[in-house]
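Dumped target_22.csv below, it's CSV, C-alpha atoms:
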chain,number,residue,atom,x,y,z
A,14,MET,CA,-0.6,-26.3,13.3
A,15,LYS,CA,2.4,-27.5,15.4
A,16,TRP,CA,6.0,-26.5,14.6
A,17,ASP,CA,9.3,-28.4,14.9
A,18,PRO,CA,11.5,-26.8,17.6
A,19,ASP,CA,14.3,-25.8,15.1
A,20,ALA,CA,11.6,-24.2,12.8
A,21,ARG,CA,10.2,-22.2,15.7
A,22,ALA,CA,13.7,-21.2,16.8
A,23,LEU,CA,14.6,-19.9,13.3
A,24,TYR,CA,11.3,-18.1,13.0
A,25,LYS,CA,11.9,-16.3,16.3
A,26,ASN,CA,15.5,-15.3,15.3
A,27,VAL,CA,14.3,-13.9,12.0
A,28,ILE,CA,11.5,-11.9,13.6
A,29,LYS,CA,13.8,-10.6,16.3
A,30,ASN,CA,16.0,-8.8,13.7
A,31,ILE,CA,13.1,-7.1,11.9
A,32,PRO,CA,12.4,-3.4,13.0
A,33,LEU,CA,9.2,-3.0,15.0
A,34,PRO,CA,7.0,-1.3,12.4
A,35,GLN,CA,7.7,-4.0,9.8
A,36,LYS,CA,7.6,-6.7,12.4
A,37,LEU,CA,3.8,-6.2,13.0
A,38,ILE,CA,3.2,-7.2,9.3
A,39,ALA,CA,6.0,-9.7,8.8
A,40,THR,CA,5.2,-11.8,11.9
A,41,PRO,CA,1.8,-13.1,10.7
A,42,SER,CA,2.9,-13.1,7.0
A,43,ILE,CA,5.9,-15.4,7.5
A,44,SER,CA,3.9,-17.7,9.9
A,45,TRP,CA,1.0,-17.9,7.4
A,46,ALA,CA,3.4,-18.7,4.5
A,47,ALA,CA,5.3,-21.4,6.5
A,48,GLU,CA,2.0,-23.1,7.5
A,49,LYS,CA,0.7,-22.9,3.9
A,50,THR,CA,3.8,-24.6,2.6
A,51,ALA,CA,3.5,-27.3,5.2
A,52,ALA,CA,-0.1,-27.9,4.4
A,53,SER,CA,0.7,-28.1,0.6
A,54,ARG,CA,2.7,-31.2,1.3
A,55,SER,CA,0.1,-32.6,3.7
A,56,ALA,CA,2.4,-32.3,6.7
A,57,MET,CA,1.2,-32.2,10.3
A,58,ARG,CA,4.0,-30.0,11.5
A,59,VAL,CA,5.9,-27.0,10.2
A,60,SER,CA,9.5,-27.8,9.4
A,61,LEU,CA,12.7,-25.7,9.0
A,62,ALA,CA,12.3,-25.9,5.2
A,63,ASP,CA,8.8,-24.7,5.4
A,64,VAL,CA,9.9,-21.6,7.4
A,65,LEU,CA,12.7,-20.8,4.9
A,66,SER,CA,10.4,-21.2,1.9
A,67,GLY,CA,7.8,-19.0,3.7
A,68,ILE,CA,10.4,-16.3,4.4
A,69,PHE,CA,11.4,-16.1,0.7
A,70,GLU,CA,7.8,-16.0,-0.4
A,71,VAL,CA,7.0,-13.1,1.9
A,72,VAL,CA,10.2,-11.0,1.8
A,73,PRO,CA,10.0,-8.4,-1.0
A,74,GLN,CA,12.4,-8.7,-3.9
A,75,SER,CA,14.2,-5.5,-2.9
A,76,PHE,CA,15.0,-7.0,0.5
A,77,GLN,CA,16.0,-10.5,-0.7
A,78,ALA,CA,19.8,-10.0,-0.7
A,79,ARG,CA,19.8,-8.6,2.8
A,80,THR,CA,17.7,-11.5,4.0
A,81,VAL,CA,20.1,-14.0,2.5
A,82,ALA,CA,23.0,-12.3,4.3
A,83,ASN,CA,21.3,-12.3,7.6
A,84,LEU,CA,20.3,-16.0,7.3
A,85,THR,CA,23.8,-17.0,6.1
A,86,ALA,CA,25.2,-15.3,9.3
A,87,LEU,CA,22.9,-17.7,11.2
A,88,GLY,CA,24.5,-20.7,9.4
A,89,VAL,CA,21.6,-21.3,7.0
A,90,ASP,CA,22.2,-22.3,3.4
A,91,CYS,CA,19.5,-20.4,1.5
A,92,LYS,CA,20.0,-21.6,-2.1
A,93,PRO,CA,17.6,-24.5,-2.0
A,94,TYR,CA,14.8,-22.2,-0.8
A,95,LEU,CA,15.0,-19.3,-3.2
A,96,HIS,CA,12.2,-19.0,-5.7
A,97,GLY,CA,14.4,-18.5,-8.7
A,98,SER,CA,17.7,-16.6,-8.9
A,99,GLN,CA,16.0,-13.5,-10.0
A,100,ARG,CA,14.5,-13.0,-6.6
A,101,LEU,CA,18.0,-12.1,-5.3
A,102,SER,CA,18.3,-9.0,-7.5
A,103,VAL,CA,17.8,-5.6,-6.0
A,104,ILE,CA,15.5,-3.3,-7.9
A,105,GLN,CA,17.4,-1.0,-10.2
A,106,THR,CA,15.0,1.0,-12.3
A,107,ASP,CA,16.7,2.8,-15.1
A,108,LEU,CA,15.7,6.5,-14.5
A,109,LYS,CA,16.5,7.5,-18.1
A,110,GLN,CA,14.3,4.8,-19.5
A,111,LEU,CA,11.5,5.7,-17.0
A,112,TRP,CA,11.8,9.3,-18.2
A,113,LYS,CA,11.5,8.3,-21.8
A,114,THR,CA,8.5,6.1,-21.0
A,115,LEU,CA,6.7,9.0,-19.3
A,116,ILE,CA,7.3,11.3,-22.2
A,117,THR,CA,6.1,8.7,-24.7
A,118,LEU,CA,2.9,7.9,-22.7
A,119,GLY,CA,2.2,11.6,-22.2
A,120,ASN,CA,2.2,12.1,-26.0
A,121,GLN,CA,0.1,9.0,-26.6
A,122,LEU,CA,-2.5,9.9,-23.9
A,123,GLY,CA,-2.6,13.6,-24.7
A,124,VAL,CA,-1.2,14.6,-21.3
A,125,ALA,CA,0.8,17.8,-21.0
A,126,VAL,CA,4.2,16.8,-19.4
A,127,ASP,CA,6.0,19.5,-17.5
A,128,GLU,CA,9.4,18.2,-18.4
A,129,VAL,CA,11.5,20.5,-16.2
A,130,LYS,CA,9.4,19.8,-13.1
A,131,THR,CA,9.1,16.1,-13.7
A,132,ARG,CA,12.8,15.6,-14.3
A,133,ALA,CA,13.7,17.6,-11.2
A,134,ILE,CA,11.4,15.5,-9.0
A,135,LEU,CA,12.6,12.2,-10.4
A,136,GLU,CA,16.2,13.3,-9.6
A,137,ALA,CA,15.3,14.6,-6.1
A,138,TYR,CA,13.7,11.3,-5.2
A,139,SER,CA,16.0,9.1,-7.4
A,140,ASN,CA,16.9,6.8,-4.5
A,141,TYR,CA,13.3,5.7,-4.3
A,142,PHE,CA,12.3,5.8,-8.0
A,143,THR,CA,15.2,3.5,-8.8
A,144,ARG,CA,15.3,1.1,-5.8
A,145,ALA,CA,11.7,0.9,-4.6
A,146,PRO,CA,8.6,-0.7,-6.2
A,147,ILE,CA,7.1,1.7,-8.7
A,148,ALA,CA,4.0,1.9,-10.8
A,149,ILE,CA,2.9,4.1,-13.7
A,150,GLY,CA,-0.7,5.1,-13.9
A,151,ALA,CA,-3.3,7.0,-15.8
A,152,ALA,CA,-6.9,8.1,-14.9
A,153,SER,CA,-10.1,8.1,-17.0
A,154,ASN,CA,-12.0,10.8,-15.2
A,155,ASP,CA,-13.9,12.7,-17.9
A,156,ARG,CA,-14.7,15.6,-15.5
A,157,MET,CA,-11.0,16.4,-14.9
A,158,PRO,CA,-7.9,16.9,-17.1
A,159,LYS,CA,-6.2,13.8,-18.2
A,160,THR,CA,-3.7,12.4,-15.7
A,161,LEU,CA,-0.5,10.5,-16.0
A,162,PHE,CA,1.7,9.7,-12.9
A,163,VAL,CA,4.4,7.6,-11.5
A,164,ARG,CA,4.7,6.6,-7.9
A,165,TYR,CA,6.9,4.6,-5.6
A,166,LEU,CA,6.1,2.8,-2.3
A,167,ASP,CA,9.1,2.2,-0.1
A,168,THR,CA,9.0,0.2,3.2
A,169,VAL,CA,12.6,-0.8,3.2
A,170,GLN,CA,14.8,2.3,2.9
A,171,HIS,CA,14.8,5.0,5.7
A,172,GLN,CA,13.6,8.2,4.1
A,173,THR,CA,15.4,11.2,5.6
A,174,PRO,CA,14.1,13.8,5.2
A,175,ASP,CA,10.5,12.5,4.8
A,176,PRO,CA,9.0,13.1,1.3
A,177,VAL,CA,6.9,16.1,2.4
A,178,THR,CA,9.9,17.9,4.0
A,179,LYS,CA,12.0,17.1,0.9
A,180,ALA,CA,9.3,18.5,-1.4
A,181,VAL,CA,9.1,21.8,0.7
A,182,LEU,CA,12.9,22.1,0.8
A,183,LYS,CA,13.2,21.6,-2.9
A,184,GLY,CA,10.5,24.0,-3.7
A,185,PHE,CA,8.1,21.4,-5.1
A,186,LEU,CA,5.5,22.4,-2.4
A,187,PRO,CA,4.7,25.7,-0.7
A,188,GLU,CA,5.6,25.9,3.0
A,189,ASP,CA,1.9,26.6,3.9
A,190,ASP,CA,0.3,25.9,7.3
A,191,THR,CA,-2.5,23.7,6.0
A,192,PRO,CA,-4.6,21.2,8.0
A,193,LEU,CA,-3.2,18.4,5.8
A,194,LEU,CA,0.4,19.2,6.5
A,195,SER,CA,-0.4,19.7,10.2
A,196,LEU,CA,-2.0,16.2,10.2
A,197,PHE,CA,1.1,14.8,8.6
A,198,GLU,CA,3.4,16.3,11.2
A,199,GLU,CA,1.1,15.0,14.0
A,200,MET,CA,1.2,11.5,12.5
A,201,LYS,CA,5.0,11.5,12.6
A,202,MET,CA,4.9,12.4,16.3
A,203,ASN,CA,2.3,9.9,17.4
A,204,LEU,CA,2.2,6.8,15.1
A,205,GLU,CA,4.6,4.1,14.0
A,206,ILE,CA,5.4,4.6,10.3
A,207,VAL,CA,6.4,1.7,8.1
A,208,GLY,CA,7.3,3.6,5.0
A,209,TYR,CA,6.3,6.3,2.5
A,210,GLY,CA,5.1,6.5,-1.0
A,211,THR,CA,5.2,9.6,-3.3
A,212,THR,CA,3.2,10.2,-6.5
A,213,LEU,CA,4.6,12.4,-9.2
A,214,ASP,CA,2.0,13.8,-11.5
A,215,VAL,CA,3.8,14.7,-14.8
A,216,THR,CA,1.7,17.8,-15.2
A,217,THR,CA,1.4,19.2,-11.6
A,218,GLY,CA,4.4,17.7,-9.8
A,219,VAL,CA,4.3,16.0,-6.3
A,220,SER,CA,0.6,15.3,-5.9
A,221,ILE,CA,0.0,12.5,-3.4
A,222,LEU,CA,1.8,11.2,-0.3
A,223,ARG,CA,1.1,7.7,1.1
A,224,VAL,CA,2.1,6.8,4.7
A,225,ALA,CA,2.3,3.1,5.4
A,226,LEU,CA,1.4,2.0,8.9
A,227,PRO,CA,1.1,-1.2,10.9
A,228,PRO,CA,-2.6,-2.0,11.0
A,229,VAL,CA,-4.2,0.8,13.1
A,230,GLN,CA,-7.6,0.7,14.7
A,231,MET,CA,-10.0,3.7,14.1
A,232,ASP,CA,-9.8,4.6,17.8
A,233,ALA,CA,-6.1,5.3,17.5
A,234,LEU,CA,-6.6,7.5,14.4
A,235,LEU,CA,-9.3,9.5,16.1
A,236,GLN,CA,-6.8,10.6,18.7
A,237,LEU,CA,-5.2,12.8,16.0
A,238,GLN,CA,-6.4,16.3,16.5
A,239,HIS,CA,-5.9,17.4,12.9
A,240,LEU,CA,-7.9,14.6,11.3
A,241,PRO,CA,-10.9,15.9,9.4
A,242,ALA,CA,-14.1,16.0,11.5
A,243,ALA,CA,-15.8,13.9,8.8
A,244,VAL,CA,-13.8,10.8,9.8
A,245,LYS,CA,-15.4,10.9,13.3
A,246,ARG,CA,-18.8,11.7,12.0
A,247,ASN,CA,-18.7,8.6,9.7
A,248,ARG,CA,-17.1,6.3,12.1
A,249,SER,CA,-20.3,4.4,12.9
A,250,VAL,CA,-21.0,3.8,9.2
A,251,LEU,CA,-17.5,2.4,8.7
A,252,ASN,CA,-17.8,0.2,11.8
A,253,ARG,CA,-21.1,-1.3,10.6
A,254,PHE,CA,-19.3,-2.4,7.4
A,255,ASP,CA,-16.3,-3.7,9.3
A,256,MET,CA,-14.0,-1.0,8.0
A,257,ASP,CA,-12.3,-0.2,11.3
A,258,ARG,CA,-8.7,-1.0,10.7
A,259,PHE,CA,-6.4,0.8,8.4
A,260,SER,CA,-2.8,0.3,7.1
A,261,MET,CA,-2.2,3.4,5.1
A,262,LEU,CA,-3.1,7.1,4.9
A,263,GLY,CA,-3.0,9.0,1.6
A,264,PHE,CA,-2.6,12.8,1.5
A,265,ASP,CA,-3.7,14.5,-1.7
A,266,LEU,CA,-1.6,17.6,-1.7
A,267,ARG,CA,-3.5,19.3,-4.5
A,268,GLU,CA,-7.1,18.5,-3.4
A,269,CYS,CA,-6.3,18.9,0.3
A,270,THR,CA,-8.0,15.6,1.2
A,271,VAL,CA,-6.9,12.5,3.2
A,272,SER,CA,-7.8,8.9,2.5
A,273,LEU,CA,-7.9,5.9,4.9
A,274,PHE,CA,-6.8,2.6,3.3
A,275,ALA,CA,-8.3,-0.7,4.5
A,276,LEU,CA,-6.6,-3.9,3.3
A,277,ILE,CA,-8.8,-6.9,2.5
A,278,ARG,CA,-7.4,-10.3,3.4
A,279,CYS,CA,-10.0,-12.5,1.7
A,280,PRO,CA,-11.8,-10.8,-1.1
A,281,SER,CA,-15.0,-12.6,-2.3
A,282,SER,CA,-17.8,-12.0,-4.8
A,283,GLU,CA,-20.1,-12.4,-1.9
A,284,LEU,CA,-19.0,-8.9,-0.7
A,285,SER,CA,-20.8,-7.2,-3.7
A,286,GLY,CA,-24.0,-6.8,-1.7
A,287,LYS,CA,-22.1,-5.4,1.3
A,288,TYR,CA,-20.3,-2.8,-0.9
A,289,SER,CA,-23.6,-1.9,-2.6
A,290,ASP,CA,-25.2,-1.2,0.8
A,291,LEU,CA,-22.1,0.8,1.8
A,292,LEU,CA,-22.3,3.0,-1.3
A,293,ASN,CA,-26.0,3.5,-0.9
A,294,GLU,CA,-25.7,4.6,2.8
A,295,LEU,CA,-23.0,7.0,1.8
A,296,HIS,CA,-25.2,8.4,-1.0
A,297,LEU,CA,-22.5,7.8,-3.6
A,298,SER,CA,-23.0,7.1,-7.3
A,299,ASN,CA,-24.9,4.0,-8.2
A,300,ILE,CA,-22.8,1.5,-10.2
A,301,SER,CA,-23.8,-1.5,-12.2
A,302,ASP,CA,-24.1,-5.0,-10.6
A,303,SER,CA,-21.3,-6.3,-12.8
A,304,LEU,CA,-19.0,-3.5,-11.6
A,305,LEU,CA,-20.0,-4.2,-8.0
A,306,THR,CA,-19.1,-7.9,-8.6
A,307,HIS,CA,-15.7,-6.7,-9.8
A,308,CYS,CA,-15.2,-4.4,-6.8
A,309,ALA,CA,-16.0,-7.3,-4.5
A,310,LEU,CA,-12.6,-8.7,-5.4
A,311,SER,CA,-10.8,-5.7,-4.2
A,312,ARG,CA,-7.6,-6.0,-2.1
A,313,VAL,CA,-7.8,-2.4,-1.0
A,314,VAL,CA,-10.7,-0.2,-0.2
A,315,HIS,CA,-10.1,3.4,0.7
A,316,PHE,CA,-12.2,6.3,1.8
A,317,THR,CA,-11.5,10.0,1.1
A,318,PHE,CA,-12.3,12.9,3.5
A,319,SER,CA,-11.8,16.6,3.3
A,320,TRP,CA,-11.9,19.4,5.9
A,321,GLN,CA,-14.7,21.2,3.9
A,322,ASN,CA,-17.7,18.9,4.5
A,323,ASP,CA,-18.9,16.1,6.7
A,324,ALA,CA,-19.4,13.4,4.1
A,325,ILE,CA,-17.1,10.8,2.7
A,326,GLU,CA,-16.3,12.2,-0.7
A,327,LYS,CA,-15.1,9.1,-2.4
A,328,VAL,CA,-14.7,5.4,-2.0
A,329,CYS,CA,-12.1,3.5,-4.1
A,330,PHE,CA,-11.9,-0.2,-4.8
A,331,THR,CA,-8.5,-1.6,-5.9
A,332,THR,CA,-8.1,-4.9,-7.7
A,333,ILE,CA,-5.0,-6.8,-8.7
A,334,HIS,CA,-4.6,-8.2,-12.3
A,335,SER,CA,-1.8,-10.6,-13.3
A,336,ALA,CA,-2.3,-10.4,-17.1
A,337,PRO,CA,-3.9,-8.1,-19.7
A,338,ASN,CA,-6.7,-10.5,-20.3
A,339,THR,CA,-7.8,-10.2,-16.7
A,340,VAL,CA,-8.4,-6.4,-16.8
A,341,PRO,CA,-12.1,-5.7,-17.3
A,342,VAL,CA,-11.8,-3.5,-20.3
A,343,GLU,CA,-15.5,-3.8,-20.9
A,344,PHE,CA,-16.1,-1.1,-18.3
A,345,ASP,CA,-14.2,1.6,-20.1
A,346,ALA,CA,-12.5,1.9,-23.5
A,347,PHE,CA,-9.8,3.8,-21.7
A,348,LEU,CA,-8.6,0.6,-20.0
A,349,ASP,CA,-8.3,-1.2,-23.3
A,350,LYS,CA,-6.4,1.7,-24.8
A,351,CYS,CA,-3.9,1.7,-22.0
A,352,ILE,CA,-3.1,-2.1,-22.1
A,353,ARG,CA,-2.6,-2.0,-25.8
A,354,MET,CA,0.2,0.6,-25.5
A,355,PRO,CA,3.6,-1.2,-25.5
A,356,GLU,CA,5.0,1.5,-23.2
A,357,PHE,CA,2.2,1.0,-20.7
A,358,SER,CA,2.6,-2.8,-20.7
A,359,PRO,CA,6.0,-4.0,-19.6
A,360,CYS,CA,7.5,-7.4,-20.7
A,361,SER,CA,5.6,-9.2,-17.9
A,362,PRO,CA,2.5,-6.9,-17.6
A,363,LYS,CA,0.7,-6.8,-14.3
A,364,TYR,CA,-1.8,-4.2,-13.4
A,365,ILE,CA,-3.5,-2.5,-10.5
A,366,LEU,CA,-7.0,-1.1,-11.2
A,367,THR,CA,-8.8,1.3,-9.0
A,368,THR,CA,-12.5,2.1,-9.3
A,369,ALA,CA,-13.2,5.5,-7.8
A,370,VAL,CA,-16.9,6.1,-6.9
A,371,GLU,CA,-17.9,9.7,-6.2
A,372,ARG,CA,-21.2,11.3,-5.5
A,373,GLU,CA,-22.3,11.8,-9.1
A,374,ASN,CA,-20.0,9.6,-11.2
A,375,HIS,CA,-17.3,7.0,-11.1
A,376,TYR,CA,-14.0,6.6,-13.0
A,377,PHE,CA,-11.0,4.3,-13.3
A,378,VAL,CA,-7.3,4.6,-12.5
A,379,LEU,CA,-5.1,1.9,-14.2
A,380,GLU,CA,-1.5,1.3,-13.1
A,381,ASN,CA,1.1,-1.0,-14.5
A,382,ASP,CA,3.5,-2.7,-12.1
A,383,TYR,CA,6.5,-1.1,-13.7
A,384,SER,CA,9.1,-2.5,-11.4
A,385,GLY,CA,7.5,-5.9,-11.2
A,386,ASP,CA,6.8,-6.1,-7.4
A,387,MET,CA,4.3,-3.4,-6.5
A,388,GLN,CA,1.6,-6.2,-6.6
A,389,GLU,CA,3.8,-8.3,-4.3
A,390,VAL,CA,4.0,-5.5,-1.7
A,391,ILE,CA,0.2,-5.0,-1.7
A,392,LEU,CA,-0.6,-8.7,-1.5
A,393,ARG,CA,1.9,-9.3,1.3
A,394,ALA,CA,0.4,-6.4,3.3
A,395,CYS,CA,-3.1,-7.8,2.8
A,396,ARG,CA,-2.2,-10.9,4.8
A,397,ALA,CA,-2.5,-8.6,7.9
A,398,GLY,CA,-5.7,-7.0,6.5
A,399,ILE,CA,-9.4,-7.2,7.6
In structure tokens, how does this file's structure come out?
Amino acid sequence: MKWDPDARALYKNVIKNIPLPQKLIATPSISWAAEKTAASRSAMRVSLADVLSGIFEVVPQSFQARTVANLTALGVDCKPYLHGSQRLSVIQTDLKQLWKTLITLGNQLGVAVDEVKTRAILEAYSNYFTRAPIAIGAASNDRMPKTLFVRYLDTVQHQTPDPVTKAVLKGFLPEDDTPLLSLFEEMKMNLEIVGYGTTLDVTTGVSILRVALPPVQMDALLQLQHLPAAVKRNRSVLNRFDMDRFSMLGFDLRECTVSLFALIRCPSSELSGKYSDLLNELHLSNISDSLLTHCALSRVVHFTFSWQNDAIEKVCFTTIHSAPNTVPVEFDAFLDKCIRMPEFSPCSPKYILTTAVERENHYFVLENDYSGDMQEVILRACRAGI
């Protein structure tokens, strides 16, 4: 689609002021949103108004105020293009209320909450648990102890020190020389990092670290010397199923595993056959056709590897749900139990559901979008997905 000159000029000015790691995602996202807005009014060209509407559709809520300030400095009146005044508010999660919610959910789900450890970690990472998108989640895995967690994902604030270094300095993690921590340090040296996410398990403490990246091809990841050998050994399988570009790595600090996250731009029920073939080739648990159809709508697919064996240990499919009645509770009574809990369902409940498929079983992880914009972060990133 063609662009008006003033629209193109503003777009370039906005992109120019975005840091490089975020720019790789923001560039196609803003362009996509502007052209979508133009198409919705049957226009043949993208106008200045389309670009501004697109910017405020794409920019996360926590970054809205800064964006308005930058555009105002360029002489742009932003008010007509804001999608509701609430989009100018900066996330301000009440840490005390979050704490109370975790205690209540722990009691209702029968999860042992280590109150001293949980409070200490919330306070240590308070800048992120109060200002970044956060989600509260619980897992249904019958083969493991019940799990309750809260996590943030921050691609706006500069995190110094990084979450792992902070955890070691605060005594939340041992200062061990593990392959996982060696890989994390190697990543910091060799890859552009967009942001970090940290998961706080209320029983065990800091449990998972997520590292957000601009979309990275498998070839670039394979240059990392500390990556599990299983990644290289399964490269051809992933390539055959078009899983060759990743936008996040997840480090399970307790299980000592690493996961590669692929973002899906256009999920479709037609992918169920492809995902069935993928699971069969990886010798993972058979799941029902109805569950495969559900997984075909995933926005994120991630693969878990360890340093102990050559196989992919787990494949997870993550779907987005905008209301309680869209969560497929028929797959597990645990899901229905969670969404019926007032503390688990905020005033405007939105959910993130992950189906984890292992070698001999599968289980579900349900998260609520506690801060209200974790879904937005995921969907925006998926515009640059595969």
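If you look at atom CA of Pro280 of chain A and atom CA of Glu373 of chain A, they are 26.2 Å away from each other.
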(message) Report, in Å with one decimal, the straight-line distance from atom CA of Met354 of chain A to atom CA of Asp127 of chain A.
(response) 21.3 Å
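Considering the residues A:Ile325, A:Val163, A:Leu222, A:Ile149 and counting only C-alpha atoms, Thr178 of chain A has its shortest atom-to-atom contact with A:Leu222.
You will find atom CA of Ala242 of chain A at 6.9 Å from atom CA of Trp320 of chain A.
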(request) Give as a VMD selection string the set of residues within 12 Å of the point (10.1, -25.1, 4.1), where distances use the file's coordinates and only C-alpha atoms. (result) chain A and resid 16 to 17 19 to 21 23 to 24 43 to 44 46 to 54 56 58 to 70 91 93 to 96
With segment 199-216 of chain A as the partner and 12 Å as the cut-off, tabulate the residues of segment 316-395 of chain A that qualify, each row holding the nearest pair of atoms and their distance in Å to one decimal, using all atoms listed in the file, sorted by chain and rising number, as JSON lines.
{"residue": "A:Met387", "atom": "CA", "partner": "A:Gly210", "partner_atom": "CA", "distance": 11.4}
{"residue": "A:Val390", "atom": "CA", "partner": "A:Gly208", "partner_atom": "CA", "distance": 11.8}
{"residue": "A:Ala394", "atom": "CA", "partner": "A:Val207", "partner_atom": "CA", "distance": 11.2}
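Comparing the minimum interatomic distances between Pro227 of chain A and each of A:Gly123, A:Pro146, A:Gly88, A:Gly398, counting all atoms listed in the file, we find that A:Gly398 sits nearest.
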Filled-in N, CA and C atoms of segment 43-59 of chain A, supplied as a PDB file, in the coordinates of the input:
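So result_30.pdb came out as:
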ATOM      1  N   ILE A  43       4.941 -14.296   7.631  1.00  0.00           N
ATOM      2  CA  ILE A  43       5.900 -15.400   7.500  1.00  0.00           C
ATOM      3  C   ILE A  43       5.248 -16.677   8.137  1.00  0.00           C
ATOM      4  N   SER A  44       4.550 -16.527   9.270  1.00  0.00           N
ATOM      5  CA  SER A  44       3.900 -17.700   9.900  1.00  0.00           C
ATOM      6  C   SER A  44       2.860 -18.276   8.942  1.00  0.00           C
ATOM      7  N   TRP A  45       2.065 -17.411   8.312  1.00  0.00           N
ATOM      8  CA  TRP A  45       1.000 -17.900   7.400  1.00  0.00           C
ATOM      9  C   TRP A  45       1.674 -18.604   6.192  1.00  0.00           C
ATOM     10  N   ALA A  46       2.754 -18.050   5.639  1.00  0.00           N
ATOM     11  CA  ALA A  46       3.400 -18.700   4.500  1.00  0.00           C
ATOM     12  C   ALA A  46       4.021 -19.997   4.829  1.00  0.00           C
ATOM     13  N   ALA A  47       4.634 -20.099   6.024  1.00  0.00           N
ATOM     14  CA  ALA A  47       5.300 -21.400   6.500  1.00  0.00           C
ATOM     15  C   ALA A  47       4.205 -22.455   6.618  1.00  0.00           C
ATOM     16  N   GLU A  48       3.080 -22.124   7.265  1.00  0.00           N
ATOM     17  CA  GLU A  48       2.000 -23.100   7.500  1.00  0.00           C
ATOM     18  C   GLU A  48       1.360 -23.513   6.164  1.00  0.00           C
ATOM     19  N   LYS A  49       1.256 -22.557   5.244  1.00  0.00           N
ATOM     20  CA  LYS A  49       0.700 -22.900   3.900  1.00  0.00           C
ATOM     21  C   LYS A  49       1.566 -23.868   3.192  1.00  0.00           C
ATOM     22  N   THR A  50       2.899 -23.652   3.275  1.00  0.00           N
ATOM     23  CA  THR A  50       3.800 -24.600   2.600  1.00  0.00           C
ATOM     24  C   THR A  50       3.750 -25.958   3.226  1.00  0.00           C
ATOM     25  N   ALA A  51       3.666 -26.023   4.554  1.00  0.00           N
ATOM     26  CA  ALA A  51       3.500 -27.300   5.200  1.00  0.00           C
ATOM     27  C   ALA A  51       2.253 -28.026   4.796  1.00  0.00           C
ATOM     28  N   ALA A  52       1.152 -27.265   4.754  1.00  0.00           N
ATOM     29  CA  ALA A  52      -0.100 -27.900   4.400  1.00  0.00           C
ATOM     30  C   ALA A  52      -0.119 -28.366   2.946  1.00  0.00           C
ATOM     31  N   SER A  53       0.637 -27.669   2.062  1.00  0.00           N
ATOM     32  CA  SER A  53       0.700 -28.100   0.600  1.00  0.00           C
ATOM     33  C   SER A  53       1.308 -29.429   0.446  1.00  0.00           C
ATOM     34  N   ARG A  54       2.133 -29.852   1.421  1.00  0.00           N
ATOM     35  CA  ARG A  54       2.700 -31.200   1.300  1.00  0.00           C
ATOM     36  C   ARG A  54       2.075 -32.168   2.326  1.00  0.00           C
ATOM     37  N   SER A  55       0.890 -31.769   2.805  1.00  0.00           N
ATOM     38  CA  SER A  55       0.100 -32.600   3.700  1.00  0.00           C
ATOM     39  C   SER A  55       0.810 -32.959   4.999  1.00  0.00           C
ATOM     40  N   ALA A  56       1.674 -32.055   5.466  1.00  0.00           N
ATOM     41  CA  ALA A  56       2.400 -32.300   6.700  1.00  0.00           C
ATOM     42  C   ALA A  56       1.588 -31.900   7.909  1.00  0.00           C
ATOM     43  N   MET A  57       1.864 -32.524   9.036  1.00  0.00           N
ATOM     44  CA  MET A  57       1.200 -32.200  10.300  1.00  0.00           C
ATOM     45  C   MET A  57       1.908 -31.149  11.092  1.00  0.00           C
ATOM     46  N   ARG A  58       3.202 -30.917  10.742  1.00  0.00           N
ATOM     47  CA  ARG A  58       4.000 -30.000  11.500  1.00  0.00           C
ATOM     48  C   ARG A  58       4.792 -29.091  10.512  1.00  0.00           C
ATOM     49  N   VAL A  59       5.106 -27.879  10.952  1.00  0.00           N
ATOM     50  CA  VAL A  59       5.900 -27.000  10.200  1.00  0.00           C
ATOM     51  C   VAL A  59       7.378 -27.288  10.369  1.00  0.00           C
TER      52      VAL A  59
END
